[in-house]
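Novice: mmCIF, C-alpha atoms and all ligand atoms, file query_18.cif:
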```cif
data_coords
loop_
_atom_site.label_atom_id
_atom_site.label_comp_id
_atom_site.auth_asym_id
_atom_site.auth_seq_id
_atom_site.Cartn_x
_atom_site.Cartn_y
_atom_site.Cartn_z
CA MET A 1 6.88 23.34 -21.82
CA THR A 2 9.52 21.92 -24.19
CA GLU A 3 9.97 18.20 -23.74
CA THR A 4 13.45 17.12 -22.69
CA PHE A 5 15.28 13.81 -22.91
CA ARG A 6 18.40 12.49 -21.19
CA ALA A 7 21.68 12.06 -23.03
CA ILE A 8 25.41 11.88 -22.51
CA ARG A 9 27.02 15.03 -23.90
CA LEU A 10 30.70 15.00 -24.85
CA THR A 11 32.51 18.31 -25.26
CA LYS A 12 35.98 18.52 -26.76
CA GLN A 13 38.49 20.38 -24.57
CA ASP A 14 41.97 21.54 -25.51
CA LYS A 15 43.62 18.08 -25.43
CA SER A 16 40.94 15.96 -23.82
CA VAL A 17 37.16 15.49 -23.71
CA ALA A 18 34.57 16.11 -20.98
CA CYS A 19 31.38 14.05 -20.66
CA GLU A 20 28.26 14.72 -18.60
CA LEU A 21 24.69 13.50 -18.29
CA ALA A 22 22.50 16.29 -19.69
CA ASN A 23 18.86 17.10 -20.42
CA LEU A 24 18.48 17.99 -24.10
CA THR A 25 15.60 18.93 -26.39
CA GLU A 26 14.83 17.90 -29.98
CA ALA A 27 16.39 21.18 -31.10
CA ASP A 28 19.76 19.75 -29.97
CA LEU A 29 19.49 16.82 -32.42
CA MET A 30 21.07 16.81 -35.86
CA GLU A 31 19.51 16.62 -39.33
CA GLY A 32 17.69 13.48 -40.39
CA ASP A 33 14.39 12.20 -41.76
CA VAL A 34 13.75 9.62 -39.04
CA THR A 35 13.38 10.22 -35.28
CA VAL A 36 13.86 7.17 -33.08
CA SER A 37 12.85 6.55 -29.51
CA VAL A 38 16.02 4.79 -28.35
CA GLU A 39 15.65 1.84 -26.00
CA TYR A 40 19.13 0.35 -25.72
CA SER A 41 22.69 1.19 -26.67
CA THR A 42 25.90 -0.64 -25.73
CA VAL A 43 29.51 -0.06 -24.73
CA ASN A 44 31.81 -0.87 -27.64
CA TYR A 45 35.58 -0.44 -27.68
CA LYS A 46 35.23 2.60 -29.95
CA ASP A 47 32.80 4.19 -27.46
CA GLY A 48 35.47 3.69 -24.81
CA LEU A 49 38.03 5.46 -27.01
CA ALA A 50 35.59 8.35 -27.64
CA ILE A 51 34.57 8.90 -24.02
CA THR A 52 38.02 8.57 -22.50
CA GLY A 53 39.46 10.74 -25.29
CA LYS A 54 42.16 8.05 -25.90
CA ALA A 55 41.61 8.41 -29.66
CA PRO A 56 40.06 11.31 -31.59
CA ILE A 57 36.77 9.53 -32.30
CA ALA A 58 34.56 12.59 -31.68
CA ARG A 59 34.65 14.70 -34.84
CA VAL A 60 32.17 17.35 -33.68
CA SER A 61 31.57 19.10 -30.37
CA PRO A 62 29.25 18.85 -28.55
CA LEU A 63 28.53 15.21 -29.46
CA ILE A 64 26.21 12.54 -28.09
CA PRO A 65 28.49 9.48 -28.25
CA GLY A 66 27.31 5.87 -28.73
CA ILE A 67 28.05 4.12 -32.05
CA ASP A 68 24.93 1.95 -31.99
CA PHE A 69 21.38 1.74 -30.71
CA ALA A 70 18.09 -0.11 -31.05
CA GLY A 71 14.68 1.48 -30.71
CA THR A 72 11.35 2.31 -32.31
CA VAL A 73 10.60 4.89 -34.98
CA GLU A 74 8.77 7.84 -33.45
CA SER A 75 8.29 9.82 -36.69
CA SER A 76 9.56 9.53 -40.25
CA THR A 77 9.40 11.32 -43.58
CA ASN A 78 11.54 8.55 -45.12
CA ALA A 79 9.46 6.22 -47.34
CA LYS A 80 11.25 3.14 -45.97
CA PHE A 81 10.21 3.72 -42.34
CA LYS A 82 7.01 4.45 -40.45
CA LYS A 83 6.10 5.14 -36.84
CA GLY A 84 6.36 1.97 -34.77
CA ASP A 85 9.03 0.24 -36.91
CA ARG A 86 11.72 -1.46 -34.82
CA VAL A 87 15.16 -0.39 -36.01
CA ILE A 88 18.87 -0.97 -35.39
CA LEU A 89 21.74 1.43 -36.05
CA ASN A 90 25.40 0.48 -36.38
CA GLY A 91 28.12 2.88 -37.43
CA TYR A 92 27.87 5.28 -40.38
CA GLY A 93 29.79 7.74 -38.20
CA VAL A 94 27.00 7.91 -35.60
CA GLY A 95 28.61 8.58 -32.21
CA GLU A 96 31.56 10.09 -34.12
CA GLY A 97 30.35 12.89 -36.43
CA HIS A 98 26.58 12.52 -35.87
CA HIS A 99 24.78 12.32 -32.51
CA GLY A 100 24.62 8.74 -31.26
CA GLY A 101 22.98 6.17 -29.05
CA TYR A 102 23.64 7.40 -25.50
CA ALA A 103 20.34 9.30 -25.49
CA GLN A 104 16.64 8.60 -25.19
CA LYS A 105 16.12 10.05 -28.66
CA ALA A 106 18.01 10.06 -31.98
CA ARG A 107 17.42 11.73 -35.34
CA LEU A 108 19.30 10.59 -38.45
CA PRO A 109 19.01 9.72 -42.16
CA GLY A 110 16.83 6.62 -42.60
CA GLU A 111 19.38 5.18 -45.07
CA TRP A 112 21.55 4.31 -42.07
CA LEU A 113 18.92 2.21 -40.30
CA VAL A 114 18.35 -1.54 -40.52
CA LYS A 115 14.87 -2.92 -39.84
CA SER A 116 15.20 -5.25 -36.88
CA PRO A 117 14.63 -8.95 -37.65
CA GLU A 118 11.28 -9.93 -36.08
CA THR A 119 12.78 -12.42 -33.67
CA ILE A 120 15.42 -10.06 -32.26
CA SER A 121 14.24 -7.76 -29.43
CA ALA A 122 15.78 -4.30 -28.96
CA GLU A 123 17.54 -5.68 -25.91
CA HIS A 124 19.05 -8.60 -27.81
CA ALA A 125 19.93 -6.35 -30.75
CA MET A 126 22.17 -4.32 -28.47
CA ALA A 127 23.46 -7.33 -26.58
CA ILE A 128 24.75 -8.22 -30.05
CA GLY A 129 25.59 -4.58 -30.85
CA THR A 130 28.29 -3.46 -33.23
CA ALA A 131 30.71 -5.98 -31.68
CA GLY A 132 28.41 -8.93 -32.44
CA TYR A 133 27.41 -7.67 -35.87
CA THR A 134 31.15 -7.32 -36.65
CA ALA A 135 31.73 -10.88 -35.41
CA MET A 136 29.05 -12.00 -37.91
CA LEU A 137 30.77 -10.05 -40.72
CA CYS A 138 33.99 -11.91 -39.82
CA VAL A 139 32.26 -15.29 -39.93
CA MET A 140 30.70 -14.39 -43.31
CA ALA A 141 34.20 -13.49 -44.59
CA LEU A 142 35.57 -16.90 -43.55
CA GLU A 143 32.65 -18.61 -45.31
CA LYS A 144 33.13 -16.50 -48.43
CA GLY A 145 36.80 -17.50 -48.45
CA GLY A 146 35.81 -21.16 -48.42
CA VAL A 147 36.54 -22.06 -44.79
CA THR A 148 34.19 -24.91 -43.83
CA THR A 149 33.85 -27.03 -40.71
CA ASN A 150 36.00 -29.63 -42.52
CA SER A 151 38.84 -27.20 -43.25
CA GLY A 152 40.20 -27.20 -39.70
CA ASP A 153 39.97 -25.22 -36.48
CA VAL A 154 39.12 -21.50 -36.23
CA LEU A 155 41.10 -19.21 -33.91
CA VAL A 156 39.33 -16.33 -32.16
CA THR A 157 41.56 -13.69 -30.52
CA GLY A 158 40.43 -11.21 -27.87
CA ALA A 159 38.14 -14.10 -27.01
CA ALA A 160 36.57 -12.83 -23.78
CA GLY A 161 35.74 -9.43 -25.29
CA GLY A 162 32.58 -8.50 -27.20
CA VAL A 163 33.59 -9.45 -30.75
CA GLY A 164 35.37 -12.57 -29.49
CA SER A 165 32.51 -13.85 -27.32
CA VAL A 166 29.89 -13.52 -30.09
CA ALA A 167 32.29 -15.01 -32.67
CA ILE A 168 32.81 -18.10 -30.48
CA ALA A 169 29.06 -18.57 -29.94
CA LEU A 170 28.36 -18.21 -33.68
CA LEU A 171 31.19 -20.44 -34.90
CA SER A 172 30.45 -23.21 -32.44
CA LYS A 173 26.74 -23.23 -33.36
CA LEU A 174 27.76 -23.46 -37.02
CA GLY A 175 29.82 -26.56 -36.17
CA TYR A 176 33.36 -25.16 -36.22
CA ARG A 177 35.96 -26.27 -33.66
CA VAL A 178 37.00 -23.03 -31.97
CA LEU A 179 40.30 -22.13 -30.30
CA ALA A 180 39.92 -19.12 -28.00
CA SER A 181 42.95 -16.91 -27.30
CA THR A 182 42.62 -14.92 -24.07
CA GLY A 183 44.80 -13.13 -21.56
CA ARG A 184 42.30 -13.98 -18.82
CA ALA A 185 42.87 -17.62 -17.87
CA GLU A 186 40.08 -17.31 -15.28
CA GLU A 187 37.60 -16.87 -18.14
CA ALA A 188 38.28 -20.38 -19.51
CA PRO A 189 35.01 -21.85 -18.11
CA TYR A 190 33.06 -18.90 -19.60
CA LEU A 191 34.71 -19.34 -23.02
CA LYS A 192 34.06 -23.09 -22.96
CA SER A 193 30.41 -22.44 -22.07
CA LEU A 194 30.17 -20.33 -25.24
CA GLY A 195 31.54 -23.24 -27.27
CA ALA A 196 35.35 -22.92 -27.27
CA ALA A 197 37.03 -26.32 -27.58
CA GLU A 198 40.48 -25.14 -26.45
CA ILE A 199 41.92 -22.10 -24.69
CA ILE A 200 45.19 -20.51 -25.83
CA ASP A 201 47.17 -18.10 -23.62
CA ARG A 202 47.34 -14.86 -25.57
CA LYS A 203 51.06 -14.55 -24.66
CA GLU A 204 51.68 -17.38 -27.17
CA LEU A 205 50.66 -14.96 -29.93
CA SER A 206 51.39 -11.45 -28.68
CA GLU A 207 55.21 -11.39 -29.00
CA PRO A 208 57.27 -11.12 -32.22
CA GLY A 209 57.34 -14.57 -33.89
CA ARG A 210 58.61 -16.43 -36.98
CA PRO A 211 57.44 -15.47 -40.51
CA LEU A 212 55.92 -18.94 -40.94
CA GLY A 213 54.87 -21.29 -38.14
CA LYS A 214 53.25 -24.70 -37.87
CA GLU A 215 49.88 -24.74 -39.67
CA ARG A 216 47.38 -24.72 -36.80
CA TRP A 217 44.05 -23.27 -37.97
CA ALA A 218 42.06 -22.80 -41.18
CA GLY A 219 40.40 -19.55 -40.17
CA VAL A 220 40.93 -16.66 -37.77
CA VAL A 221 38.66 -13.98 -36.30
CA ASP A 222 41.11 -11.37 -35.01
CA ALA A 223 40.03 -8.48 -32.79
CA VAL A 224 43.57 -7.69 -31.61
CA GLY A 225 45.90 -6.69 -34.51
CA SER A 226 49.68 -6.13 -34.14
CA HIS A 227 51.93 -9.18 -33.35
CA THR A 228 48.87 -11.28 -32.48
CA LEU A 229 47.46 -10.86 -35.97
CA VAL A 230 50.86 -11.47 -37.58
CA ASN A 231 51.39 -14.68 -35.59
CA ALA A 232 47.83 -15.79 -36.33
CA ILE A 233 48.46 -15.33 -40.07
CA ALA A 234 51.82 -17.15 -39.83
CA GLN A 235 50.12 -20.22 -38.33
CA THR A 236 47.17 -20.33 -40.73
CA LYS A 237 46.82 -23.44 -42.91
CA TYR A 238 47.25 -23.48 -46.68
CA ASP A 239 44.38 -21.50 -48.36
CA GLY A 240 43.09 -20.36 -44.96
CA VAL A 241 41.35 -17.05 -44.27
CA VAL A 242 42.05 -14.45 -41.58
CA ALA A 243 39.33 -11.89 -40.86
CA ALA A 244 40.94 -8.83 -39.23
CA CYS A 245 38.60 -6.43 -37.48
CA GLY A 246 40.32 -5.00 -34.41
CA LEU A 247 43.29 -3.29 -32.82
CA ALA A 248 43.09 -4.08 -29.09
CA GLN A 249 46.84 -4.84 -29.03
CA GLY A 250 47.82 -2.31 -31.69
CA MET A 251 47.20 -0.89 -35.13
CA ASP A 252 50.55 -2.06 -36.53
CA LEU A 253 51.05 -5.12 -38.72
CA PRO A 254 54.72 -6.06 -38.15
CA GLY A 255 54.87 -9.18 -40.33
CA SER A 256 56.01 -10.94 -43.47
CA VAL A 257 54.34 -11.76 -46.79
CA ALA A 258 55.50 -15.40 -46.47
CA PRO A 259 52.06 -16.80 -45.44
CA PHE A 260 50.42 -15.04 -48.43
CA ILE A 261 52.92 -16.09 -51.10
CA LEU A 262 53.81 -19.54 -49.76
CA ARG A 263 50.48 -20.68 -48.30
CA GLY A 264 47.91 -18.67 -50.23
CA VAL A 265 46.52 -17.28 -46.98
CA THR A 266 43.87 -14.56 -47.42
CA LEU A 267 43.78 -11.53 -45.13
CA HIS A 268 40.22 -10.20 -45.20
CA GLY A 269 39.68 -6.74 -43.67
CA ILE A 270 36.38 -6.18 -41.87
CA ASP A 271 34.76 -2.76 -41.56
CA SER A 272 31.37 -2.50 -39.91
CA VAL A 273 30.99 1.28 -40.11
CA MET A 274 30.52 1.77 -43.86
CA ALA A 275 29.55 -1.81 -44.79
CA PRO A 276 26.95 -1.73 -47.58
CA MET A 277 23.29 -2.09 -46.53
CA ALA A 278 22.81 -5.49 -48.23
CA ARG A 279 25.71 -6.96 -46.22
CA ARG A 280 24.33 -5.45 -42.97
CA GLU A 281 20.89 -6.91 -43.63
CA GLU A 282 22.42 -10.30 -44.39
CA ALA A 283 24.48 -10.12 -41.17
CA TRP A 284 21.45 -9.27 -39.03
CA SER A 285 19.31 -12.01 -40.55
CA ARG A 286 22.15 -14.49 -40.04
CA LEU A 287 22.46 -13.36 -36.40
CA ALA A 288 18.74 -14.05 -35.94
CA ARG A 289 19.28 -17.56 -37.28
CA ASP A 290 22.77 -18.56 -36.14
CA LEU A 291 23.22 -17.01 -32.69
CA ASP A 292 22.10 -18.96 -29.63
CA MET A 293 20.19 -16.32 -27.62
CA ASN A 294 20.77 -18.26 -24.37
CA LYS A 295 24.52 -17.92 -24.92
CA LEU A 296 24.00 -14.24 -25.77
CA ASP A 297 22.16 -13.74 -22.46
CA ALA A 298 24.98 -15.52 -20.62
CA MET A 299 27.59 -13.08 -22.00
CA THR A 300 25.54 -9.91 -21.38
CA SER A 301 25.42 -7.55 -18.42
CA ARG A 302 23.21 -4.46 -18.03
CA ALA A 303 23.87 -0.82 -17.22
CA GLY A 304 22.17 2.58 -17.28
CA LEU A 305 23.26 5.82 -18.96
CA LYS A 306 24.98 7.02 -15.77
CA ASP A 307 27.28 3.96 -15.81
CA VAL A 308 28.66 4.60 -19.29
CA LEU A 309 31.54 6.82 -18.18
CA THR A 310 32.99 4.13 -15.88
CA LEU A 311 32.34 1.37 -18.41
CA ALA A 312 34.25 3.35 -21.05
CA GLU A 313 37.38 3.12 -18.87
CA ASP A 314 36.74 -0.59 -18.27
CA VAL A 315 36.39 -1.50 -21.96
CA ILE A 316 39.69 0.20 -22.80
CA ALA A 317 41.36 -1.60 -19.89
CA GLY A 318 40.09 -4.93 -21.36
CA LYS A 319 38.11 -5.56 -18.15
CA ILE A 320 34.68 -6.15 -19.68
CA ARG A 321 33.59 -9.71 -20.25
CA GLY A 322 31.35 -10.25 -23.27
CA ARG A 323 28.78 -7.53 -23.86
CA VAL A 324 27.21 -4.70 -21.86
CA ILE A 325 23.84 -3.25 -22.83
CA VAL A 326 22.90 0.26 -21.80
CA ASP A 327 19.23 0.83 -20.98
CA VAL A 328 19.00 4.54 -21.87
CA ASN A 329 15.74 4.85 -19.92
CA ALA A 330 17.18 3.43 -16.68
P1 LIG B 401 36.52 -5.61 -26.05
O1 LIG B 401 37.30 -4.66 -25.22
O2 LIG B 401 35.24 -6.14 -25.54
O3 LIG B 401 37.45 -6.85 -26.39
C1 LIG B 401 38.81 -6.73 -26.74
C2 LIG B 401 39.55 -7.93 -26.20
O4 LIG B 401 40.87 -7.92 -26.73
C3 LIG B 401 39.73 -7.88 -24.69
O5 LIG B 401 38.62 -8.38 -23.99
C4 LIG B 401 40.95 -8.78 -24.52
O6 LIG B 401 40.49 -10.12 -24.62
C5 LIG B 401 41.75 -8.48 -25.80
N1 LIG B 401 42.83 -7.52 -25.52
C6 LIG B 401 42.73 -6.32 -24.91
N2 LIG B 401 43.94 -5.71 -24.84
C7 LIG B 401 44.81 -6.57 -25.43
C8 LIG B 401 46.23 -6.53 -25.66
N3 LIG B 401 46.97 -5.49 -25.29
N4 LIG B 401 46.79 -7.57 -26.27
C9 LIG B 401 46.05 -8.65 -26.67
N5 LIG B 401 44.73 -8.74 -26.47
C10 LIG B 401 44.12 -7.72 -25.86
O7 LIG B 401 36.33 -4.91 -27.47
P2 LIG B 401 35.38 -5.38 -28.67
O8 LIG B 401 35.31 -6.85 -28.68
O9 LIG B 401 34.14 -4.58 -28.67
O10 LIG B 401 36.24 -4.90 -29.91
C11 LIG B 401 37.45 -5.60 -30.23
C12 LIG B 401 38.23 -4.84 -31.29
O11 LIG B 401 37.49 -4.81 -32.50
C13 LIG B 401 38.51 -3.38 -30.93
O12 LIG B 401 39.81 -3.05 -31.34
C14 LIG B 401 37.48 -2.62 -31.72
O13 LIG B 401 37.89 -1.31 -32.01
C15 LIG B 401 37.38 -3.47 -32.95
N6 LIG B 401 36.12 -3.34 -33.67
C16 LIG B 401 36.18 -3.08 -35.00
C17 LIG B 401 35.06 -2.97 -35.75
C18 LIG B 401 35.18 -2.79 -37.21
O14 LIG B 401 34.25 -2.32 -37.86
N7 LIG B 401 36.29 -3.18 -37.80
C19 LIG B 401 33.73 -3.03 -35.13
C20 LIG B 401 33.74 -3.40 -33.72
C21 LIG B 401 34.93 -3.53 -33.02
P3 LIG B 401 41.03 -11.24 -23.58
O15 LIG B 401 40.84 -10.65 -22.22
O16 LIG B 401 40.17 -12.43 -23.86
O17 LIG B 401 42.48 -11.47 -23.92
#
```
Please re-express this file's structure in structure tokens.
Specialist:
Amino acid sequence: MTETFRAIRLTKQDKSVACELANLTEADLMEGDVTVSVEYSTVNYKDGLAITGKAPIARVSPLIPGIDFAGTVESSTNAKFKKGDRVILNGYGVGEGHHGGYAQKARLPGEWLVKSPETISAEHAMAIGTAGYTAMLCVMALEKGGVTTNSGDVLVTGAAGGVGSVAIALLSKLGYRVLASTGRAEEAPYLKSLGAAEIIDRKELSEPGRPLGKERWAGVVDAVGSHTLVNAIAQTKYDGVVAACGLAQGMDLPGSVAPFILRGVTLHGIDSVMAPMARREEAWSRLARDLDMNKLDAMTSRAGLKDVLTLAEDVIAGKIRGRVIVDVNA
């Protein structure tokens, strides 16, 4: 009898998408030289967009969504990987144009896989997930731009979300004083437990503002975009760095060049999907060193494959706190 595995299958409809839990076989998988027994995936904002059909993330149909996963190599003809290796996948169009992590099995080109750092379990790798790995890329961008703990405070927007929560935990462990901008005042104790020194009401930043404001922070990790990003840039100190990775408020950038030409502010774009392998490996080894796993546990909740459809709605509605891991075998 042909062996089956469970997966979420997304099918594009006329103007929407339909998702169901299905039993698939290896013949349903796409091309690749490594087959992975998936243990955990997660619910990222982009997964929410794909599953709800709110943005055209799915480029093929049918598609197994899920932009990241962690698991163990089952078989490989790629010289870099052998059976039993623990691996992590983020991006490269997986869960968009190539079958993704919401399945018990995945097959893909080995060039897309990162070997898991020894001290990070599959569960922790996905508690970090693409959101946490992106938070690390943002922190690395601030460091590269010369922002140190002596430069001034660092603002994190979308603070109670996945990128925001991991960014706060990382920055506070590295010794930065972190200001957390959130629309959920009730999450203040949670954000402080992750290491935020001060909480800012996101309304302060989300409306149209002045081209230049008082210099308040030396660095920014922005997961929100739109007016929030523009206001964050306008209140960045001389020579400060803003790492822009998200669009939770909007994709627009309705601002002025004043902070760039009068204060030398740097706007550093962050892309996790096609980031070069060396940068990914650096980010994962930094996460192993610089992320407090107790704080990671405190921001993580668990779910099974069947819960993904509801969680997709929740992540788009901004209702999820921190990170959600999906145990694909539960
Ligand atoms: P989450 O949904 O977990 O977090 C987003 C947070 O943004 C929410 O929790 C909320 O935080 C805030 N937010 C939501 N809606 C609004 C709004 N209308 N105005 C202002 N703030 C809002 O998502 P993730 O953390 O996983 O991802 C954050 C962003 O980063 C997304 O846009 C995602 O697409 C992007 N991203 C980009 C990557 C890249 O490679 N560039 C990789 C990973 C993510 P609060 O309740 O605290 O206000």
Novice: List all protein, DNA and RNA residues that have an atom no more than 6 Å from any atom of ligand LIG 401 (chain B), counting all atoms listed in the file, and report them as a PyMOL selection string.
Specialist: chain A and resi 44-46+130-131+134+158-164+182-184+223-224+245-249+270-273+315-316+318+320
Novice: Could you tell me how far atom CA of A:Ala298 sits from atom CA of A:Arg323, in Å to one decimal place?
Specialist: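 A separation of 9.4 Å between them.
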Novice: Which one of A:Gly101, A:Pro109, A:Gly213, A:Gly219 sits closest to A:Ala258 if you count only C-alpha atoms?
Specialist: A:Gly213
Novice: Nearest residue to A:Ala197 out of A:Asp297, A:Asp153, A:Glu123, A:Asp68, using only C-alpha atoms?
Specialist: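 Closest residue, counting only C-alpha atoms: A:Asp153.
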Novice: May I have the protein, DNA and RNA residues with any atom at most 9 Å from the point (24.6, -2.0, -22.9), counting only C-alpha atoms, written as a list in words?
Specialist: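 In the file's frame, the residues around the point are Tyr40, Ser41, Thr42, Val43, Asn44, Glu123, Met126, Ala127, Gly129, Thr300, Ser301, Arg302, Ala303, Gly304, Leu305, Val308, Arg323, Val324, Ile325, Val326, Asp327 and Val328 of chain A.
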Novice: Using only C-alpha atoms, can you tell me which of A:Val147, A:Val154, A:Leu311, A:Val230 comes closest to A:Gly195?
Specialist: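 Checking each candidate against A:Gly195, we get A:Val154 as the closest.
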Novice: Using only C-alpha atoms, find the one residue out of A:Ser206, A:Ser121, A:Ser16, A:Thr77 that sits nearest to A:Leu108.
Specialist: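 Of the candidates, the smallest distance to A:Leu108 is held by A:Thr77.
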Novice: Would you pick out the contacts of A:Gly209 at 12 Å or less, using all atoms listed in the file, so that residues sharing its chain but fewer than 6 positions from it are not included, and give the list as a PyMOL selection string?
Specialist: chain A and resi 203+226-235+254-256
Novice: Find the residues around A:Ala50 up to 9 Å (only C-alpha atoms counted), leave out those fewer than 4 positions away in its own chain, and share them as a list of chain:residue names.
Specialist: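 With the cut-off at 9 Å, the set is A:Leu10, A:Val17, A:Tyr45, A:Lys46, A:Lys54, A:Ala55, A:Pro56, A:Ile57, A:Ala58, A:Pro65, A:Gly66, A:Gly95, A:Glu96, A:Ala312.
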Novice: Work out how far atom CA of A:Met140 is from atom CA of A:Gly91, in Å to one decimal.
Specialist: 18.4 Å
Novice: Mind checking which residues fall within 12 Å of A:Arg280, counting only C-alpha atoms, ignoring those fewer than 5 positions away in the same chain, and posting them as a PyMOL selection string?
Specialist: chain A and resi 88-92+111-117+130+132-137+140+271-275+285-287
Novice: Since we have the selection now, will you write its residues out, keeping C-alpha atoms, as a PDB file, in the coordinates of the input?
Specialist:
```
ATOM      1  CA  ILE A  88      18.870  -0.970 -35.390  1.00  0.00           C
ATOM      2  CA  LEU A  89      21.740   1.430 -36.050  1.00  0.00           C
ATOM      3  CA  ASN A  90      25.400   0.480 -36.380  1.00  0.00           C
ATOM      4  CA  GLY A  91      28.120   2.880 -37.430  1.00  0.00           C
ATOM      5  CA  TYR A  92      27.870   5.280 -40.380  1.00  0.00           C
ATOM      6  CA  GLU A 111      19.380   5.180 -45.070  1.00  0.00           C
ATOM      7  CA  TRP A 112      21.550   4.310 -42.070  1.00  0.00           C
ATOM      8  CA  LEU A 113      18.920   2.210 -40.300  1.00  0.00           C
ATOM      9  CA  VAL A 114      18.350  -1.540 -40.520  1.00  0.00           C
ATOM     10  CA  LYS A 115      14.870  -2.920 -39.840  1.00  0.00           C
ATOM     11  CA  SER A 116      15.200  -5.250 -36.880  1.00  0.00           C
ATOM     12  CA  PRO A 117      14.630  -8.950 -37.650  1.00  0.00           C
ATOM     13  CA  THR A 130      28.290  -3.460 -33.230  1.00  0.00           C
ATOM     14  CA  GLY A 132      28.410  -8.930 -32.440  1.00  0.00           C
ATOM     15  CA  TYR A 133      27.410  -7.670 -35.870  1.00  0.00           C
ATOM     16  CA  THR A 134      31.150  -7.320 -36.650  1.00  0.00           C
ATOM     17  CA  ALA A 135      31.730 -10.880 -35.410  1.00  0.00           C
ATOM     18  CA  MET A 136      29.050 -12.000 -37.910  1.00  0.00           C
ATOM     19  CA  LEU A 137      30.770 -10.050 -40.720  1.00  0.00           C
ATOM     20  CA  MET A 140      30.700 -14.390 -43.310  1.00  0.00           C
ATOM     21  CA  ASP A 271      34.760  -2.760 -41.560  1.00  0.00           C
ATOM     22  CA  SER A 272      31.370  -2.500 -39.910  1.00  0.00           C
ATOM     23  CA  VAL A 273      30.990   1.280 -40.110  1.00  0.00           C
ATOM     24  CA  MET A 274      30.520   1.770 -43.860  1.00  0.00           C
ATOM     25  CA  ALA A 275      29.550  -1.810 -44.790  1.00  0.00           C
ATOM     26  CA  SER A 285      19.310 -12.010 -40.550  1.00  0.00           C
ATOM     27  CA  ARG A 286      22.150 -14.490 -40.040  1.00  0.00           C
ATOM     28  CA  LEU A 287      22.460 -13.360 -36.400  1.00  0.00           C
TER      29      LEU A 287
END
```
Novice: Compile the contact shell of A:Lys306 as a list of chain:residue names: residues with an atom at most 9 Å away, counting all atoms listed in the file, same-chain residues fewer than 5 positions apart removed.
Specialist: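 Here the qualifying residues turn out to be A:Ile8, A:Glu20, A:Leu21, A:Val328, A:Ala330.
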Novice: Between atom CA of A:Leu296 and atom CA of A:Ser165, what is the spacing in Å?
Specialist: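 Rounded to one decimal, the two atoms are 8.7 Å apart.
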Novice: Residues within 9 Å of A:Ala243, please, as a PyMOL selection string. Count only C-alpha atoms; anything in the same chain fewer than 3 positions from it doesn't count.
Specialist: chain A and resi 137-139+141-142+219-223+266-270
Novice: Quick one: 3 Å padding each side, axis-aligned, all listed atoms of stretch 164-178 of chain A - centre and edge lengths in Å to one decimal, as AutoDock Vina command-line options?
Specialist:
```
--center_x 31.9 --center_y -19.6 --center_z -32.2 --size_x 16.3 --size_y 20.0 --size_z 15.7
```
Novice: Using only C-alpha atoms, find the one residue out of A:Ile51, A:Ala103, A:Ala70, A:Ile200 that sits nearest to A:Asp314.
Specialist: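 Residue with the minimum atom-to-atom distance to A:Asp314: A:Ile51.
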Novice: So, counting all atoms listed in the file, which residue among A:Leu24, A:Val242, A:Ala283, A:Ala278 is closest to A:Gly145?
Specialist: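 Looking at the shortest contact to A:Gly145, the residue is A:Val242.
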Novice: Taking the point (55.9, -23.8, -47.1) as given in the file, collect each protein or nucleic acid residue that comes within 12 Å of it, counting only C-alpha atoms, and present the set as a list in words.
Specialist: Pro211, Leu212, Gly213, Lys214, Glu215, Ala234, Gln235, Thr236, Lys237, Tyr238, Asp239, Ala258, Pro259, Phe260, Ile261, Leu262, Arg263, Gly264 and Val265 of chain A
